[in-house]
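Report on one structure; see the data block that follows.
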Amino acid sequence: DGEDDLVINASYENGTVTLTYEGTEMQFLEKVYYTVTFETNGGTAIDSVQVLNGKTVAEPEKEPSRTNYEFLGWYKDSACSEEKITANTTVYAKWEYTNTITYDFESSGLNENVSVSEGEPYTLSVPETEYGYVFLGWFTENGDKLTDGTGKSLAAWDPSEYGNITVYARFEVDLEYTLTSDGSGYSAAGKTTSAELENLIIPDTHEGKPIVEVLNFNDYTKLKTVSMPNTVNKELGNAIFDESVLLESFEIRDSGAENPRYTSQNGVIFSADMTMLVRYPVAKSGDGDTTTYTVPVSVTEIAAYAFQDIAEEGYSGIVAGTLTKIVLSQGLEYIGDYAFHMRGKLTSVEFYNNESLVEWSIGDFALYGVALQSFDFNDNLTSIGNSAFAAHYPNGLQVTEIRFTENSKLESIGDSAFQDVSGLQTIVLPPLLTYLGNSAFLRCSVSTVEFLEESKLEEIGNQTFKFCSVSTIQIPDSGTSIGESAFQNCSRLTWVEFSEGLESIGESAFANCSRLTSIKMPNSLRTIGSSAFSTCYDLKSVILNEGLKEIGANAFKNSSGGIAVYGELIINIPSTVTSAGDNIVSDSVP
């Protein structure tokens, strides 16, 4: 090879000469050239080369190429560079199948691609994530998930299944997802990590299963819009967005549910058949006239909490809703519990064309804390729920009179229905009414209570007219009981006519009615409760009936100035009385 300093050592032994170079025995080779052929196995062609006998072959300067394959080198039994060529030889190209993954720019913002090898795991880049969302991973166009949220592959690359593809980034709102007990889907609830969102899009699915329930989203005070899939089939809770003071629109998306429970129209949630108004965004303005909302004609029920405002009971400082008027559908059958609870700016509720075509009723607390200046108590109203119109002025009902007609279908007025409606002065009650609830008119300014002819009233509840200003009262003949404290502290009451069917007068029923002068008990009366007429200072005449069985303790104590034992009040106890409590008239008269 032209090396001037080549040193070869020679030795002779037993007729054999041995040559060594740097400790290696040398061999005599014939100076011939061999052909090395490069078999590319489907790659681009590489020219063959001539190699001197005993020399190694150099790799070609240009590697072969093959679509979707990565060239790994030339091999015989091992790498060609490690073998000496001593005969005509063929070497073979070794390939590894690869594909190119391209990131979808629109979904990820990434403009690059990655090579992946058959049977090997891989890691893709993680795109930037907006506030309130989490990166779920990379997906194929058909929705197959390839990586987790860190970009790591879920399985080794299978080129036969995918090949060269574009992958799409998928994000999800950062919520609390809980698998339902039957495993059919997930519930979604709020988390502090997404509570600052203005526009909330609840996903169709989570981990391959539909979202079927929406739970509480407390502290989501900046929300303006909420979109949820129509796979939600469980009842929407009463407080799911109860602090979203800016909420203007709900949307129910068509996400492929076979039998959807809800739909939406103009930002309002309805039952799928549009017969129930389910939820009205608290800050949504009206349609057309921005302060008026007209309920669609198909609606027969206003669901519980449907229009509820943000303000809490006893606090009037926060009112988000701007509606002042609600126009109800003529076919409305029911206003649900808390339906308009604390709608502080609402002043008028009426029926379309001022006409109700079917019987309807009002649920508990339905219009609690609503400063209504007018309300349509029409003849088709059948019942009024507990605390339906209650609340102190100026937060409660602001009418001076309620007059039901002889054609009214009203049968019951619930407990505390009009409690603390301080401006109410006149109430005319219809014939079919059978029950007046406990505290129904407690602390009202009612001065006139009239029961229409043929009244079927059976019971006046506890504290029904307590602290009212009524001056005279005629209990209908159908009445059988007057509850505890029913007329207590009616300081202007001067005259009472009891029904002939009355059986019991409750404890403290007329206590502190200081202007009441005389009473005559009906023959049907059997029980007078404790303190029933105590401290009725002007009471001078009490006529008890034969057939009376029980007089409670202190029943007439301190009446007639508390001097009954010395003064003009004389009470004759009928012979039918079997039980009489202590101090019926005063402390000194047992």
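Ordering of the structure tokens sets the chain letters (A, B, ...), residue numbers begin anew at 1 in every chain, and ligands are numbered from 1 in the order given.
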Skip stretch 136-150 of chain A itself and residues of its chain fewer than 5 positions away, then list as a list in words all residues within 10 Å of it, counting only C-alpha atoms. Tyr103, Asp104, Ser108, Tyr122, Thr123, Leu124, Ser125, Val126, Pro127, Ala155, Ala156, Trp157, Tyr162, Ile165, Thr166, Val167, Tyr168, Ala169, Arg170, Phe171, Glu172, Val173, His206, Glu207 and Gly208 of chain A
From a DSSP pass on the backbone, collect the residues of stretch 16-252 of chain A flagged as strand (DSSP E) and hand them back as a PyMOL selection string. chain A and resi 16-21+24-25+33-39+49-52+69-75+89-103+113-117+133-139+165-173+176-179+186-189+199-201+205-206+209-214+225-229+249-252
Check the smallest atom-to-atom distance from each of A:Ser11, A:Thr576, A:Ser559, A:Ser329 to A:Thr527 using only C-alpha atoms, then report the winner.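 The shortest atom-to-atom distance to A:Thr527 comes from A:Thr576.
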Write out as an MDAnalysis selection string the residues lying within 9 Å of A:Ile85, counting only C-alpha atoms and excluding same-chain residues fewer than 5 positions away. chainID A and resid 34:36 51:57
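Closest approach to A:Ser485 among A:Thr322, A:Ser534, A:Asn523, A:Ser65 is made by A:Ser534 (distances from only C-alpha atoms).
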Residues within 9 Å of stretch 363-376 of chain A, only C-alpha atoms, excluding chain neighbours under 3 positions, as a ChimeraX atom specification: /A:304-305,308,313-314,316,334-351,354,383-399,414,417
With the cut-off set at 12 Å and counting only C-alpha atoms, tabulate each residue of stretch 189-239 of chain A with an atom at most that distance from an atom of stretch 269-273 of chain A, showing the nearest atom pair and its distance in Å to one decimal, ordered by chain and increasing number, as a tab-separated table.
```
residue	atom	partner	partner_atom	distance
A:Val226	CA	A:Ile269	CA	10.7
A:Ser227	CA	A:Ile269	CA	10.5
A:Met228	CA	A:Ile269	CA	10.5
A:Pro229	CA	A:Ile269	CA	11.9
A:Asn230	CA	A:Ala272	CA	9.3
A:Thr231	CA	A:Ala272	CA	11.6
A:Val232	CA	A:Ala272	CA	11.4
A:Asn233	CA	A:Ser271	CA	10.3
A:Lys234	CA	A:Ser271	CA	11.7
A:Glu235	CA	A:Ser271	CA	10.5
A:Leu236	CA	A:Ile269	CA	10.2
```
